[in-house]
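> Please read through the structure below; I'll follow up with questions.
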Amino acid sequence: MRKVFEEGRFYDTVTVGERGQVVIPAQARKDMNIKPGDRLLVIKGLGHGALVMINTKQMSKIFDKMVEHIGRIKARIGK
């Protein structure tokens with residue numbers, strides 16, 4: 001069962017095991033290209049009870065883009 005939401009997808013529900021582990025649904029792993037051994041950054045989301053997982057490989061790309069945009073903003077402010 002897959003439903004498309006405005007900002008993403010609903011894949012499924014997961015159950016937290018006794019050791020705090022969860023299984024990421026197969027379709028989510030496929031869509032996000034998550035492979036065994038990948039590292040995920042887990043952060044508290046904006047809402048209560050929300051967790052967000054971000055592949056650390058993607059974080060590097062995100063930071064690079066942020067630095068690029070900050071440079072552009074600095075250049076415009078400095079004019």
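Here, A, B, ... name the chains of the structure tokens in the order displayed, residue numbers run from 1 inside each chain, and ligands are numbered from 1 in the same displayed order.
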Step one, run DSSP on the backbone; step two, keep only residues of chain A assigned to strand (DSSP E or B); then write them as a list in words.

Lys3, Val4, Phe5, Gly8, Arg9, Phe10, Leu40, Leu41, Val42, Ile43, Lys44, Leu51, Val52, Met53, Ile54 and Asn55 of chain A

> What is the atom CA of A:Leu40-atom CA of A:Met59 distance in Å, reported with one decimal?

9.4 Å

> Work out how far atom CA of A:Val52 is from atom CA of A:Ile70, in Å to one decimal.

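It comes out at 24.2 Å.
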
> Taking 3 positions as the minimum chain separation for residues in the same chain, which residues sit within 12 Å of A:Pro36 when counting only C-alpha atoms? Answer as a list in words.

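My reading of the contact set: Val23, Ile24, Ala26, Arg29, Lys30, Asn33, Arg39, Leu40 and Asn55 of chain A.
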
> For A:Asp38, which of A:Arg9, A:His69, A:Lys57, A:Arg76 is the closest residue, counting only C-alpha atoms?

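Checking each of A:Arg9, A:His69, A:Lys57, A:Arg76 against A:Asp38, counting only C-alpha atoms, the winner is A:Lys57.
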
> Could you jot down the atom CA of A:Leu46 to atom CA of A:Gly8 separation for me, Å, one decimal place?

15.7 Å

> Chain A: which residues are alpha helix (DSSP H) by DSSP, as an MDAnalysis selection string?

chainID A and resid 26:31 56:77

> Which residues are close to A:Met53, i.e. within 10 Å by only C-alpha atoms, leaving aside same-chain residues fewer than 6 positions away? Reply as a PyMOL selection string.

chain A and resi 39-45

> Grab the residues selected above and save them as a PDB file, in the first residue's frame with N, CA and C atoms.


```
ATOM      1  N   ARG A  39      25.256   4.941   6.123  1.00  0.00           N
ATOM      2  CA  ARG A  39      25.043   5.608   7.404  1.00  0.00           C
ATOM      3  C   ARG A  39      23.934   6.635   7.239  1.00  0.00           C
ATOM      4  N   LEU A  40      23.018   6.673   8.208  1.00  0.00           N
ATOM      5  CA  LEU A  40      21.910   7.617   8.188  1.00  0.00           C
ATOM      6  C   LEU A  40      22.003   8.533   9.394  1.00  0.00           C
ATOM      7  N   LEU A  41      21.819   9.806   9.167  1.00  0.00           N
ATOM      8  CA  LEU A  41      21.769  10.787  10.237  1.00  0.00           C
ATOM      9  C   LEU A  41      20.322  10.836  10.716  1.00  0.00           C
ATOM     10  N   VAL A  42      20.105  10.692  12.011  1.00  0.00           N
ATOM     11  CA  VAL A  42      18.754  10.701  12.574  1.00  0.00           C
ATOM     12  C   VAL A  42      18.611  11.967  13.406  1.00  0.00           C
ATOM     13  N   ILE A  43      17.640  12.800  13.033  1.00  0.00           N
ATOM     14  CA  ILE A  43      17.434  14.051  13.753  1.00  0.00           C
ATOM     15  C   ILE A  43      15.964  14.190  14.134  1.00  0.00           C
ATOM     16  N   LYS A  44      15.727  14.986  15.157  1.00  0.00           N
ATOM     17  CA  LYS A  44      14.358  15.266  15.574  1.00  0.00           C
ATOM     18  C   LYS A  44      13.749  16.207  14.545  1.00  0.00           C
ATOM     19  N   GLY A  45      12.541  15.860  14.086  1.00  0.00           N
ATOM     20  CA  GLY A  45      11.857  16.679  13.101  1.00  0.00           C
ATOM     21  C   GLY A  45      11.257  17.917  13.729  1.00  0.00           C
TER      22      GLY A  45
END
```
